[in-house]
Every structure is written in structure tokens, then in C-alpha cells.
file upload_18.pdb (PDB, C-alpha atoms and all ligand atoms)
MODEL        1
ATOM      1  CA  MET A  14      14.997  17.797   2.154
ATOM      2  CA  GLY A  15      15.539  14.729   4.293
ATOM      3  CA  ILE A  16      14.029  14.230   7.709
ATOM      4  CA  SER A  17      16.396  12.778  10.280
ATOM      5  CA  SER A  18      15.069  11.291  13.490
ATOM      6  CA  PRO A  19      16.253   8.466  15.784
ATOM      7  CA  SER A  20      13.800   5.901  14.392
ATOM      8  CA  PRO A  21      12.508   6.161  10.830
ATOM      9  CA  PHE A  22       9.781   8.758  10.392
ATOM     10  CA  VAL A  23       6.813   6.804   9.033
ATOM     11  CA  VAL A  24       3.848   8.239   7.176
ATOM     12  CA  ALA A  25       1.142   5.552   6.966
ATOM     13  CA  VAL A  26      -1.317   6.002   4.108
ATOM     14  CA  ASP A  27      -4.243   3.570   4.109
ATOM     15  CA  GLY A  28      -7.562   3.446   2.309
ATOM     16  CA  PRO A  29      -9.493   1.675  -0.440
ATOM     17  CA  SER A  30      -8.319   1.210  -4.021
ATOM     18  CA  GLY A  31      -8.721   4.129  -6.410
ATOM     19  CA  ALA A  32      -8.590   6.850  -3.746
ATOM     20  CA  GLY A  33      -5.201   8.032  -5.048
ATOM     21  CA  LYS A  34      -2.906   6.483  -2.405
ATOM     22  CA  SER A  35      -0.077   5.599  -4.785
ATOM     23  CA  SER A  36       0.300   8.930  -6.587
ATOM     24  CA  THR A  37      -0.087  10.969  -3.429
ATOM     25  CA  SER A  38       2.223   8.739  -1.349
ATOM     26  CA  ARG A  39       4.939   8.949  -4.008
ATOM     27  CA  GLY A  40       4.465  12.719  -4.211
ATOM     28  CA  VAL A  41       4.765  13.119  -0.433
ATOM     29  CA  ALA A  42       7.896  10.920  -0.360
ATOM     30  CA  ARG A  43       9.465  13.035  -3.125
ATOM     31  CA  ALA A  44       8.583  16.324  -1.447
ATOM     32  CA  LEU A  45      10.081  15.244   1.890
ATOM     33  CA  GLY A  46      13.045  13.180   0.654
ATOM     34  CA  LEU A  47      11.605   9.983   2.127
ATOM     35  CA  ASN A  48      11.487   6.419   0.828
ATOM     36  CA  TYR A  49       8.250   4.920  -0.452
ATOM     37  CA  LEU A  50       6.718   1.490   0.113
ATOM     38  CA  ASP A  51       3.792   0.089  -1.884
ATOM     39  CA  THR A  52       2.646  -2.870   0.239
ATOM     40  CA  GLY A  53      -0.148  -3.731  -2.208
ATOM     41  CA  ALA A  54       2.558  -4.479  -4.808
ATOM     42  CA  MET A  55       3.900  -7.214  -2.502
ATOM     43  CA  TYR A  56       0.486  -8.950  -2.266
ATOM     44  CA  ARG A  57       0.140  -8.568  -6.022
ATOM     45  CA  ALA A  58       3.620 -10.034  -6.617
ATOM     46  CA  LEU A  59       2.796 -13.155  -4.613
ATOM     47  CA  THR A  60      -0.532 -13.469  -6.457
ATOM     48  CA  TRP A  61       1.201 -13.125  -9.836
ATOM     49  CA  TRP A  62       3.675 -15.862  -8.888
ATOM     50  CA  LEU A  63       0.915 -18.222  -7.697
ATOM     51  CA  VAL A  64      -1.042 -17.687 -10.907
ATOM     52  CA  SER A  65       2.035 -18.221 -13.061
ATOM     53  CA  CYS A  66       2.746 -21.498 -11.219
ATOM     54  CA  GLY A  67      -0.805 -22.643 -11.930
ATOM     55  CA  ALA A  68      -1.730 -22.655  -8.219
ATOM     56  CA  ASP A  69      -5.397 -22.318  -7.267
ATOM     57  CA  THR A  70      -5.524 -18.994  -5.406
ATOM     58  CA  ALA A  71      -8.882 -19.943  -3.843
ATOM     59  CA  ASP A  72      -7.195 -22.895  -2.080
ATOM     60  CA  GLN A  73      -6.186 -21.193   1.195
ATOM     61  CA  ALA A  74      -4.157 -24.158   2.485
ATOM     62  CA  ARG A  75      -2.094 -24.341  -0.720
ATOM     63  CA  VAL A  76      -1.605 -20.553  -0.763
ATOM     64  CA  ALA A  77      -0.444 -20.710   2.877
ATOM     65  CA  GLU A  78       2.034 -23.479   2.032
ATOM     66  CA  LEU A  79       3.525 -21.540  -0.894
ATOM     67  CA  ALA A  80       3.478 -18.055   0.668
ATOM     68  CA  THR A  81       7.155 -17.922   1.586
ATOM     69  CA  VAL A  82       8.552 -19.629  -1.532
ATOM     70  CA  PRO A  83       9.100 -16.754  -4.015
ATOM     71  CA  ALA A  84      11.658 -14.023  -3.290
ATOM     72  CA  ILE A  85       9.688 -10.762  -3.450
ATOM     73  CA  GLU A  86      11.586  -7.481  -3.671
ATOM     74  CA  VAL A  87      10.276  -3.932  -4.044
ATOM     75  CA  SER A  88      12.076  -0.679  -4.714
ATOM     76  CA  THR A  89      11.663   2.069  -2.122
ATOM     77  CA  ASP A  90      12.635   4.877  -4.514
ATOM     78  CA  PRO A  91       9.525   7.008  -5.201
ATOM     79  CA  ASP A  92      11.023   7.976  -8.580
ATOM     80  CA  ASP A  93      11.668   4.390  -9.646
ATOM     81  CA  PRO A  94       9.154   1.993  -8.091
ATOM     82  CA  TRP A  95       9.639  -1.599  -9.305
ATOM     83  CA  THR A  96       8.643  -5.046  -8.096
ATOM     84  CA  ARG A  97      10.664  -8.229  -8.636
ATOM     85  CA  VAL A  98       9.885 -11.886  -8.063
ATOM     86  CA  ASP A  99      12.875 -14.238  -8.009
ATOM     87  CA  GLY A 100      14.885 -11.524  -9.763
ATOM     88  CA  ARG A 101      12.366 -10.936 -12.585
ATOM     89  CA  ASP A 102      10.825  -7.488 -12.995
ATOM     90  CA  VAL A 103       7.052  -7.967 -12.676
ATOM     91  CA  SER A 104       6.076  -4.298 -12.236
ATOM     92  CA  ALA A 105       3.659  -4.435 -15.200
ATOM     93  CA  ASP A 106       2.538  -8.080 -14.756
ATOM     94  CA  ILE A 107       1.173  -7.409 -11.257
ATOM     95  CA  ARG A 108      -1.310  -4.807 -12.588
ATOM     96  CA  THR A 109      -3.258  -7.122 -14.929
ATOM     97  CA  THR A 110      -7.002  -7.683 -14.434
ATOM     98  CA  GLU A 111      -6.321 -11.333 -13.581
ATOM     99  CA  VAL A 112      -3.997 -10.412 -10.694
ATOM    100  CA  SER A 113      -6.375  -7.632  -9.545
ATOM    101  CA  ALA A 114      -9.255 -10.125  -9.511
ATOM    102  CA  LYS A 115      -7.342 -12.708  -7.437
ATOM    103  CA  VAL A 116      -5.199 -10.641  -5.074
ATOM    104  CA  SER A 117      -7.868 -10.201  -2.367
ATOM    105  CA  GLU A 118      -8.265 -13.953  -1.837
ATOM    106  CA  VAL A 119      -4.492 -14.308  -1.477
ATOM    107  CA  ALA A 120      -4.164 -11.266   0.806
ATOM    108  CA  ARG A 121      -6.642 -12.598   3.335
ATOM    109  CA  VAL A 122      -4.710 -15.811   4.065
ATOM    110  CA  PRO A 123      -3.189 -15.349   7.568
ATOM    111  CA  GLU A 124       0.176 -16.992   6.661
ATOM    112  CA  VAL A 125       0.492 -14.624   3.691
ATOM    113  CA  ARG A 126      -0.150 -11.601   5.884
ATOM    114  CA  ARG A 127       2.279 -12.753   8.579
ATOM    115  CA  HIS A 128       5.048 -13.281   6.050
ATOM    116  CA  LEU A 129       4.562 -10.055   4.083
ATOM    117  CA  ILE A 130       3.982  -7.893   7.177
ATOM    118  CA  ALA A 131       7.321  -9.093   8.604
ATOM    119  CA  LYS A 132       9.019  -8.117   5.321
ATOM    120  CA  GLN A 133       7.267  -4.722   5.328
ATOM    121  CA  ARG A 134       8.387  -4.001   8.887
ATOM    122  CA  ALA A 135      11.982  -4.862   7.979
ATOM    123  CA  ILE A 136      11.872  -2.507   4.974
ATOM    124  CA  ILE A 137      10.411   0.291   7.119
ATOM    125  CA  LYS A 138      13.042  -0.232   9.832
ATOM    126  CA  ALA A 139      15.844  -0.063   7.263
ATOM    127  CA  ALA A 140      14.625   3.261   5.794
ATOM    128  CA  ALA A 141      16.918   5.553   7.744
ATOM    129  CA  ALA A 142      15.597   8.745   6.113
ATOM    130  CA  GLY A 143      11.989   7.790   6.822
ATOM    131  CA  ILE A 144       9.322   6.298   4.607
ATOM    132  CA  VAL A 145       5.818   6.777   3.269
ATOM    133  CA  ALA A 146       4.139   3.358   3.400
ATOM    134  CA  GLU A 147       0.800   2.791   1.675
ATOM    135  CA  GLY A 148      -1.642  -0.080   1.998
ATOM    136  CA  ARG A 149      -4.651  -1.105   4.038
ATOM    137  CA  ASP A 150      -3.294  -1.933   7.489
ATOM    138  CA  ILE A 151      -0.170   0.213   7.832
ATOM    139  CA  GLY A 152      -1.577   2.458  10.576
ATOM    140  CA  THR A 153      -3.333  -0.393  12.396
ATOM    141  CA  VAL A 154      -0.937  -3.355  12.117
ATOM    142  CA  VAL A 155       2.293  -2.811  10.168
ATOM    143  CA  ALA A 156       3.402   0.470  11.790
ATOM    144  CA  PRO A 157       0.911   1.327  14.570
ATOM    145  CA  ASP A 158       3.415   3.811  16.068
ATOM    146  CA  ALA A 159       3.679   5.890  12.879
ATOM    147  CA  PRO A 160       3.673   9.586  13.859
ATOM    148  CA  LEU A 161       1.387  10.402  10.940
ATOM    149  CA  LYS A 162      -1.447   8.186   9.768
ATOM    150  CA  VAL A 163      -3.733   9.145   6.925
ATOM    151  CA  TYR A 164      -6.857   7.330   5.803
ATOM    152  CA  LEU A 165      -7.458   8.424   2.241
ATOM    153  CA  THR A 166     -10.824   7.712   0.726
ATOM    154  CA  ALA A 167     -13.237   9.010  -1.916
ATOM    155  CA  ASP A 168     -16.751   8.052  -2.914
ATOM    156  CA  SER A 169     -17.102   4.895  -4.927
ATOM    157  CA  GLY A 170     -17.989   6.674  -8.211
ATOM    158  CA  ALA A 171     -14.945   8.953  -8.027
ATOM    159  CA  ARG A 172     -12.652   6.016  -7.242
ATOM    160  CA  ALA A 173     -14.038   3.939 -10.118
ATOM    161  CA  GLN A 174     -13.626   6.864 -12.515
ATOM    162  CA  ARG A 175      -9.983   7.312 -11.522
ATOM    163  CA  ARG A 176      -9.228   3.583 -11.854
ATOM    164  CA  ALA A 177     -11.119   3.266 -15.159
ATOM    165  CA  ALA A 178      -9.192   6.216 -16.634
ATOM    166  CA  GLU A 179      -5.864   4.675 -15.513
ATOM    167  CA  HIS A 180      -6.675   1.326 -17.133
ATOM    168  CA  GLY A 181      -8.727   2.507 -20.118
ATOM    169  CA  ALA A 182     -11.672   0.428 -18.829
ATOM    170  CA  ALA A 183     -15.432   1.029 -18.487
ATOM    171  CA  VAL A 184     -16.510   2.842 -15.315
ATOM    172  CA  ASP A 185     -19.437   0.517 -14.485
ATOM    173  CA  THR A 186     -17.442  -2.738 -14.649
ATOM    174  CA  THR A 187     -14.596  -1.086 -12.712
ATOM    175  CA  GLU A 188     -17.047   0.044 -10.027
ATOM    176  CA  ALA A 189     -18.580  -3.458  -9.708
ATOM    177  CA  ASP A 190     -15.118  -4.998  -9.476
ATOM    178  CA  GLN A 191     -14.077  -2.405  -6.922
ATOM    179  CA  ALA A 192     -17.145  -3.111  -4.751
ATOM    180  CA  ARG A 193     -16.266  -6.817  -4.743
ATOM    181  CA  ARG A 194     -12.664  -6.098  -3.711
ATOM    182  CA  ASP A 195     -13.757  -3.589  -1.047
ATOM    183  CA  ARG A 196     -15.906  -6.350   0.458
ATOM    184  CA  LEU A 197     -13.122  -8.938   0.396
ATOM    185  CA  ASP A 198     -10.510  -6.488   1.749
ATOM    186  CA  ALA A 199     -12.787  -5.080   4.485
ATOM    187  CA  ALA A 200     -11.341  -7.200   7.323
ATOM    188  CA  GLN A 201      -7.877  -5.640   6.913
ATOM    189  CA  SER A 202      -8.917  -2.157   5.832
ATOM    190  CA  ALA A 203     -10.042  -0.460   9.047
ATOM    191  CA  LYS A 204      -9.173   3.177   9.665
ATOM    192  CA  ALA A 205      -6.822   3.597  12.637
ATOM    193  CA  GLU A 206      -8.565   5.621  15.353
ATOM    194  CA  ASP A 207      -5.808   8.244  15.261
ATOM    195  CA  ALA A 208      -5.628   8.470  11.455
ATOM    196  CA  VAL A 209      -6.461  11.761   9.735
ATOM    197  CA  LEU A 210      -9.383  11.137   7.384
ATOM    198  CA  ILE A 211      -9.036  12.767   3.964
ATOM    199  CA  ASP A 212     -11.932  12.499   1.533
ATOM    200  CA  ALA A 213     -10.478  13.068  -1.935
ATOM    201  CA  THR A 214     -13.829  12.978  -3.797
ATOM    202  CA  ASP A 215     -13.642  16.685  -4.675
ATOM    203  CA  LEU A 216      -9.902  17.218  -4.320
ATOM    204  CA  SER A 217      -7.157  16.988  -6.937
ATOM    205  CA  LEU A 218      -4.291  14.597  -6.251
ATOM    206  CA  PRO A 219      -1.741  17.468  -6.049
ATOM    207  CA  ALA A 220      -3.980  19.103  -3.412
ATOM    208  CA  VAL A 221      -4.098  15.861  -1.381
ATOM    209  CA  THR A 222      -0.317  15.485  -1.727
ATOM    210  CA  GLN A 223       0.164  19.008  -0.387
ATOM    211  CA  MET A 224      -2.165  18.363   2.540
ATOM    212  CA  ILE A 225      -0.325  15.199   3.594
ATOM    213  CA  THR A 226       3.085  16.847   3.096
ATOM    214  CA  ALA A 227       2.035  19.766   5.304
ATOM    215  CA  LEU A 228       0.758  17.387   8.006
ATOM    216  CA  ALA A 229       4.028  15.426   7.884
ATOM    217  CA  ARG A 230       6.095  18.624   8.237
ATOM    218  CA  GLU A 231       3.962  19.603  11.230
ATOM    219  CA  ARG A 232       4.416  16.199  12.889
ATOM    220  CA  THR A 233       8.210  16.228  12.376
ATOM    221  CA  GLN A 234       8.432  19.630  13.991
ATOM    222  CA  LEU A 235       6.381  18.359  16.916
ATOM    223  CA  ALA A 236       8.649  15.310  17.193
ATOM    224  CA  CYS A 237      11.748  17.572  17.169
ATOM    225  CA  ALA A 238      10.241  19.861  19.805
ATOM    226  CA  GLY A 239       9.666  16.764  21.967
ATOM    227  CA  GLU A 240      13.347  15.792  21.587
ATOM    228  CA  LYS A 241      14.519  19.307  22.562
ATOM    229  CA  SER A 242      12.414  19.406  25.726
ATOM    230  CA  ARG A 243      13.923  16.142  27.036
TER     231      ARG A 243
HETATM  232  O1  LIG B   1      -3.474  -1.241  -3.158
HETATM  233  P1  LIG B   1      -3.606  -2.390  -4.157
HETATM  234  O2  LIG B   1      -4.874  -2.379  -4.954
HETATM  235  O3  LIG B   1      -2.418  -2.540  -5.046
HETATM  236  O4  LIG B   1      -3.654  -3.696  -3.227
HETATM  237  C1  LIG B   1      -3.746  -4.986  -3.789
HETATM  238  C2  LIG B   1      -4.491  -5.895  -2.833
HETATM  239  O5  LIG B   1      -3.705  -6.201  -1.696
HETATM  240  C3  LIG B   1      -5.827  -5.375  -2.330
HETATM  241  O6  LIG B   1      -6.823  -6.314  -2.684
HETATM  242  C4  LIG B   1      -5.722  -5.316  -0.845
HETATM  243  C5  LIG B   1      -4.443  -6.047  -0.507
HETATM  244  N1  LIG B   1      -3.628  -5.326   0.458
HETATM  245  C6  LIG B   1      -3.709  -5.719   1.768
HETATM  246  O7  LIG B   1      -4.500  -6.611   2.103
HETATM  247  N2  LIG B   1      -2.930  -5.109   2.698
HETATM  248  C7  LIG B   1      -2.078  -4.124   2.346
HETATM  249  N3  LIG B   1      -1.297  -3.539   3.267
HETATM  250  C8  LIG B   1      -2.001  -3.712   0.998
HETATM  251  C9  LIG B   1      -2.808  -4.324   0.075
ENDMDL
END
call {"tool": "encode", "arguments": {"input": "upload_18.pdb", "output": "C-alpha cells"}}
result
Amino acid sequence: MGISSPSPFVVAVDGPSGAGKSSTSRGVARALGLNYLDTGAMYRALTWWLVSCGADTADQARVAELATVPAIEVSTDPDDPWTRVDGRDVSADIRTTEVSAKVSEVARVPEVRRHLIAKQRAIIKAAAAGIVAEGRDIGTVVAPDAPLKVYLTADSGARAQRRAAEHGAAVDTTEADQARRDRLDAAQSAKAEDAVLIDATDLSLPAVTQMITALARERTQLACAGEKSR
């Protein structure tokens, strides 16, 4: 099923790492025939490129200078998400512990955010069928007019367990790492006032996917009713 509306129908999914944003966002996109955008992958791609060039990611001025150099591309197909830098597929490289440890310091550089947010807005605008965009600031900054905003969270133990299982890592080190990233990402991770808060601590990911899909269907019907009454 595709949703057609005059401007792309945007579902903004924000929240901290490990809450299940990626799996649920992809599931919602599949269920509704929408595109999918993983904005975190774009920050990771830039971080991977900086690291592979030997740049010091803690040097904000240098990171700002280099922010627009690599060509970063992401797929918007929820069934085939990939990330490329200068034509090279880096989908696996951007998930390493080294990139995860350094991405927050790259993501907080204002020039980096300006550049990647402009790219994200262009991708969203081009998604004629609509798009599920996940990140930290989609509902507040990237797409503040999104008709559906979700803030997906879960308690820190549940998030660390999910992440540790995905990466085959120990829960305690994952939780410590996660707490550090939460702190560094806090400035750009606020919940939009009009976002629906979903706490996934005791919910399965399929249940969360169904909840968001149902909310999106509701909002599209409301949007269509608004069109008809014009
Ligand atoms: O969702 P993730 O773990 O792949 O995100 C990687 C990093 O990028 C994370 O530290 C926060 C940052 N990020 C951001 O600042 N803004 C976004 N819209 C998405 C991610």
C-alpha cells in the first residue's frame, strides 16, 4: 500500500540508541509502502571516512573543514538499506566499535549538522511516496512539520541488552558506552513536544512496529479528511 499526498508523508522516529528505532522504522516503512531514511548512518559514514583518512575526530575545526568533502549516499529502500562513501559500500564498516565510539563527537560539530541536515531534507522531499525517517532530531529540526512524530525509548538496561545481543558484546560495557553516547548526544536528542512517546522496555519490536503503523494510518486518514473538507 502506498500513501499518496501532496507533500511527502513523513513519519519521524527519534530516540536514544538501542530503543529499536531501526527495526521498527524499517517495519513501518515496509507495512505502509514508504521509503526509509537512517540519518544516523550518514553521521556514521562521515565518521568512518574521517577515521580512514587519519583525521582527528576530536579536532572540531578540522572536522568542520572536511565535513562536505566525501560524497555520502544512503539507500531509502527499507528492504535494502546500504550506505556508500565516494561510491564504496561502507554499510558494515560504519557499525564498528571505533566508529560508534567516535560518531558523537563528529555529530555535534555545527557544520556537520548543517551539511547533513540539508542532505536529509532533500532526500525527504524527493520521497514522493512518503518516508519514515529515524534519528535524534527529525521531529524537532529536520522535519518539524511531520504529521506523525514518535519518540521511541526504553530503559537503559533494556537498550543495552538489545545492543549487546546485536553485537555479541557484554551488557555492562555496552551500557557504559551507551551512557557516554547518551550524554554526548543529549543536545540534539530532545523529544518534540508533539511527539508520541513510546516506551519499548516491555514491548516486542513487532508490537512497537504495529503501534506506529496504526498511528500513521490514523494520521493519513486525518490528513485526507482535511483535504476533502477544503
Ligand atoms: O542512531 P545511530 O546510533 O546510528 O546514530 C549514530 C550517531 O549519530 C549517534 O551518536 C547520534 C548521531 N545522530 C545525530 O546526532 N542526529 C541524527 N539525526 C542521527 C544520529
call {"tool": "axis_aligned_box", "arguments": {"input": "upload_18.pdb", "around": "ligand LIG 1 (chain B)", "padding_each_side": "8 Å", "output": "lines of an AutoDock Vina configuration file"}}
result
center_x = -4.1
center_y = -3.9
center_z = -0.9
size_x = 21.5
size_y = 21.4
size_z = 24.3
call {"tool": "closest_residue", "arguments": {"input": "upload_18.pdb", "among": "A:Ala173, A:Ala44, A:Ile151, A:Ala183", "to": "Ala203 in chain A", "atoms": "only C-alpha atoms"}}
result
A:Ile151
call {"tool": "closest_atom_pairs", "arguments": {"input": "upload_18.pdb", "of": "chain A", "to": "ligand LIG 1 (chain B)", "cutoff": "7 Å", "atoms": "all atoms listed in the file", "output": "tab-separated table"}}
result
residue	atom	partner	partner_atom	distance
A:Ser30	CA	B:LIG1	O2	5.1
A:Thr52	CA	B:LIG1	C8	4.8
A:Gly53	CA	B:LIG1	C9	3.6
A:Ala54	CA	B:LIG1	O3	5.3
A:Tyr56	CA	B:LIG1	O5	5.0
A:Arg57	CA	B:LIG1	C1	5.7
A:Ser113	CA	B:LIG1	C1	6.9
A:Val116	CA	B:LIG1	O6	5.2
A:Ser117	CA	B:LIG1	O6	4.0
A:Ala120	CA	B:LIG1	O7	4.8
A:Arg121	CA	B:LIG1	O7	6.5
A:Glu147	CA	B:LIG1	N3	6.9
A:Gly148	CA	B:LIG1	N3	3.7
A:Arg149	CA	B:LIG1	N3	4.2
A:Asp150	CA	B:LIG1	N3	4.9
A:Ile151	CA	B:LIG1	N3	6.0
A:Arg194	CA	B:LIG1	O6	5.9
A:Asp198	CA	B:LIG1	C4	5.6
A:Gln201	CA	B:LIG1	O7	6.0
call {"tool": "closest_residue", "arguments": {"input": "upload_18.pdb", "among": "A:Asp102, A:Glu111, A:Asp93, A:Glu118", "to": "Val64 in chain A", "atoms": "all atoms listed in the file"}}
result
A:Glu111
call {"tool": "closest_residue", "arguments": {"input": "upload_18.pdb", "among": "A:Val23, A:Ala213, A:Ala199, A:Met55", "to": "Ala84 in chain A", "atoms": "all atoms listed in the file"}}
result
A:Met55
call {"tool": "resolve_selection", "arguments": {"input": "upload_18.pdb", "expression": "the PyMOL selection byres (((chain A and resi 154) around 12) and not hetatm)", "output": "compact mmCIF listing (two decimals) with C-alpha atoms, in the coordinates of the input"}}
result
# COMPACT_ATOMS: atom_id res chain seq x y z
CA ALA A 25 1.14 5.55 6.97
CA ASP A 27 -4.24 3.57 4.11
CA ARG A 126 -0.15 -11.60 5.88
CA ARG A 127 2.28 -12.75 8.58
CA LEU A 129 4.56 -10.06 4.08
CA ILE A 130 3.98 -7.89 7.18
CA ALA A 131 7.32 -9.09 8.60
CA GLN A 133 7.27 -4.72 5.33
CA ARG A 134 8.39 -4.00 8.89
CA GLY A 148 -1.64 -0.08 2.00
CA ARG A 149 -4.65 -1.10 4.04
CA ASP A 150 -3.29 -1.93 7.49
CA ILE A 151 -0.17 0.21 7.83
CA GLY A 152 -1.58 2.46 10.58
CA THR A 153 -3.33 -0.39 12.40
CA VAL A 155 2.29 -2.81 10.17
CA ALA A 156 3.40 0.47 11.79
CA PRO A 157 0.91 1.33 14.57
CA ASP A 158 3.42 3.81 16.07
CA ALA A 159 3.68 5.89 12.88
CA LYS A 162 -1.45 8.19 9.77
CA GLN A 201 -7.88 -5.64 6.91
CA SER A 202 -8.92 -2.16 5.83
CA ALA A 203 -10.04 -0.46 9.05
CA LYS A 204 -9.17 3.18 9.66
CA ALA A 205 -6.82 3.60 12.64
call {"tool": "closest_residue", "arguments": {"input": "upload_18.pdb", "among": "A:Val41, A:Leu79, A:Lys34, A:Ser104", "to": "Leu228 in chain A", "atoms": "only C-alpha atoms"}}
result
A:Val41
call {"tool": "residues_around", "arguments": {"input": "upload_18.pdb", "residues": "Ser169 in chain A", "least_positions_apart": "3", "cutoff": "9 Å", "atoms": "all atoms listed in the file", "output": "list in words"}}
result
Gly31, Ala32, Thr166, Arg172, Ala173, Gln174, Glu188, Gln191, Ala192 and Thr214 of chain A
call {"tool": "atom_distance", "arguments": {"input": "upload_18.pdb", "atom1": "CA of Thr226 in chain A", "atom2": "CA of Pro160 in chain A"}}
result
13.0 Å
call {"tool": "decode", "arguments": {"input": "upload_18.pdb", "residues": "range 28-45 of chain A", "atoms": "N, CA, C and O atoms", "output": "PDB file, in the first residue's frame"}}
result
ATOM      1  N   GLY A  28      14.845   9.093  19.149  1.00  0.00           N
ATOM      2  CA  GLY A  28      15.044   8.430  20.432  1.00  0.00           C
ATOM      3  C   GLY A  28      16.466   7.940  20.564  1.00  0.00           C
ATOM      4  O   GLY A  28      17.223   7.966  19.592  1.00  0.00           O
ATOM      5  N   PRO A  29      16.846   7.485  21.761  1.00  0.00           N
ATOM      6  CA  PRO A  29      18.225   7.076  22.004  1.00  0.00           C
ATOM      7  C   PRO A  29      18.588   5.761  21.327  1.00  0.00           C
ATOM      8  O   PRO A  29      17.701   5.034  20.868  1.00  0.00           O
ATOM      9  N   SER A  30      19.872   5.454  21.285  1.00  0.00           N
ATOM     10  CA  SER A  30      20.322   4.218  20.643  1.00  0.00           C
ATOM     11  C   SER A  30      19.863   2.990  21.433  1.00  0.00           C
ATOM     12  O   SER A  30      19.770   3.027  22.655  1.00  0.00           O
ATOM     13  N   GLY A  31      19.535   1.933  20.702  1.00  0.00           N
ATOM     14  CA  GLY A  31      19.153   0.676  21.339  1.00  0.00           C
ATOM     15  C   GLY A  31      17.676   0.558  21.670  1.00  0.00           C
ATOM     16  O   GLY A  31      17.223  -0.466  22.168  1.00  0.00           O
ATOM     17  N   ALA A  32      16.887   1.597  21.353  1.00  0.00           N
ATOM     18  CA  ALA A  32      15.455   1.531  21.674  1.00  0.00           C
ATOM     19  C   ALA A  32      14.681   0.750  20.600  1.00  0.00           C
ATOM     20  O   ALA A  32      13.507   0.422  20.795  1.00  0.00           O
ATOM     21  N   GLY A  33      15.343   0.448  19.486  1.00  0.00           N
ATOM     22  CA  GLY A  33      14.682  -0.321  18.426  1.00  0.00           C
ATOM     23  C   GLY A  33      14.207   0.532  17.265  1.00  0.00           C
ATOM     24  O   GLY A  33      13.353   0.092  16.480  1.00  0.00           O
ATOM     25  N   LYS A  34      14.758   1.743  17.117  1.00  0.00           N
ATOM     26  CA  LYS A  34      14.309   2.654  16.047  1.00  0.00           C
ATOM     27  C   LYS A  34      14.478   2.057  14.650  1.00  0.00           C
ATOM     28  O   LYS A  34      13.580   2.159  13.833  1.00  0.00           O
ATOM     29  N   SER A  35      15.649   1.441  14.402  1.00  0.00           N
ATOM     30  CA  SER A  35      15.913   0.977  13.038  1.00  0.00           C
ATOM     31  C   SER A  35      14.965  -0.136  12.613  1.00  0.00           C
ATOM     32  O   SER A  35      14.327  -0.041  11.564  1.00  0.00           O
ATOM     33  N   SER A  36      14.862  -1.186  13.437  1.00  0.00           N
ATOM     34  CA  SER A  36      13.988  -2.306  13.040  1.00  0.00           C
ATOM     35  C   SER A  36      12.551  -1.856  12.917  1.00  0.00           C
ATOM     36  O   SER A  36      11.855  -2.227  11.967  1.00  0.00           O
ATOM     37  N   THR A  37      12.090  -1.046  13.874  1.00  0.00           N
ATOM     38  CA  THR A  37      10.678  -0.655  13.815  1.00  0.00           C
ATOM     39  C   THR A  37      10.438   0.318  12.661  1.00  0.00           C
ATOM     40  O   THR A  37       9.430   0.203  11.970  1.00  0.00           O
ATOM     41  N   SER A  38      11.368   1.235  12.412  1.00  0.00           N
ATOM     42  CA  SER A  38      11.170   2.193  11.309  1.00  0.00           C
ATOM     43  C   SER A  38      11.126   1.467   9.973  1.00  0.00           C
ATOM     44  O   SER A  38      10.300   1.769   9.114  1.00  0.00           O
ATOM     45  N   ARG A  39      12.023   0.487   9.800  1.00  0.00           N
ATOM     46  CA  ARG A  39      12.012  -0.287   8.546  1.00  0.00           C
ATOM     47  C   ARG A  39      10.710  -1.059   8.410  1.00  0.00           C
ATOM     48  O   ARG A  39      10.116  -1.123   7.342  1.00  0.00           O
ATOM     49  N   GLY A  40      10.252  -1.636   9.529  1.00  0.00           N
ATOM     50  CA  GLY A  40       8.999  -2.402   9.510  1.00  0.00           C
ATOM     51  C   GLY A  40       7.808  -1.521   9.150  1.00  0.00           C
ATOM     52  O   GLY A  40       6.937  -1.924   8.372  1.00  0.00           O
ATOM     53  N   VAL A  41       7.768  -0.315   9.697  1.00  0.00           N
ATOM     54  CA  VAL A  41       6.659   0.604   9.411  1.00  0.00           C
ATOM     55  C   VAL A  41       6.700   0.996   7.926  1.00  0.00           C
ATOM     56  O   VAL A  41       5.682   1.009   7.239  1.00  0.00           O
ATOM     57  N   ALA A  42       7.913   1.294   7.427  1.00  0.00           N
ATOM     58  CA  ALA A  42       8.058   1.692   6.020  1.00  0.00           C
ATOM     59  C   ALA A  42       7.563   0.568   5.108  1.00  0.00           C
ATOM     60  O   ALA A  42       6.817   0.803   4.149  1.00  0.00           O
ATOM     61  N   ARG A  43       7.944  -0.672   5.436  1.00  0.00           N
ATOM     62  CA  ARG A  43       7.501  -1.825   4.643  1.00  0.00           C
ATOM     63  C   ARG A  43       5.989  -1.956   4.675  1.00  0.00           C
ATOM     64  O   ARG A  43       5.344  -2.120   3.644  1.00  0.00           O
ATOM     65  N   ALA A  44       5.417  -1.868   5.870  1.00  0.00           N
ATOM     66  CA  ALA A  44       3.970  -2.069   6.018  1.00  0.00           C
ATOM     67  C   ALA A  44       3.174  -1.017   5.251  1.00  0.00           C
ATOM     68  O   ALA A  44       2.081  -1.298   4.762  1.00  0.00           O
ATOM     69  N   LEU A  45       3.718   0.196   5.132  1.00  0.00           N
ATOM     70  CA  LEU A  45       2.948   1.285   4.518  1.00  0.00           C
ATOM     71  C   LEU A  45       3.419   1.625   3.104  1.00  0.00           C
ATOM     72  O   LEU A  45       2.899   2.549   2.479  1.00  0.00           O
TER      73      LEU A  45
END
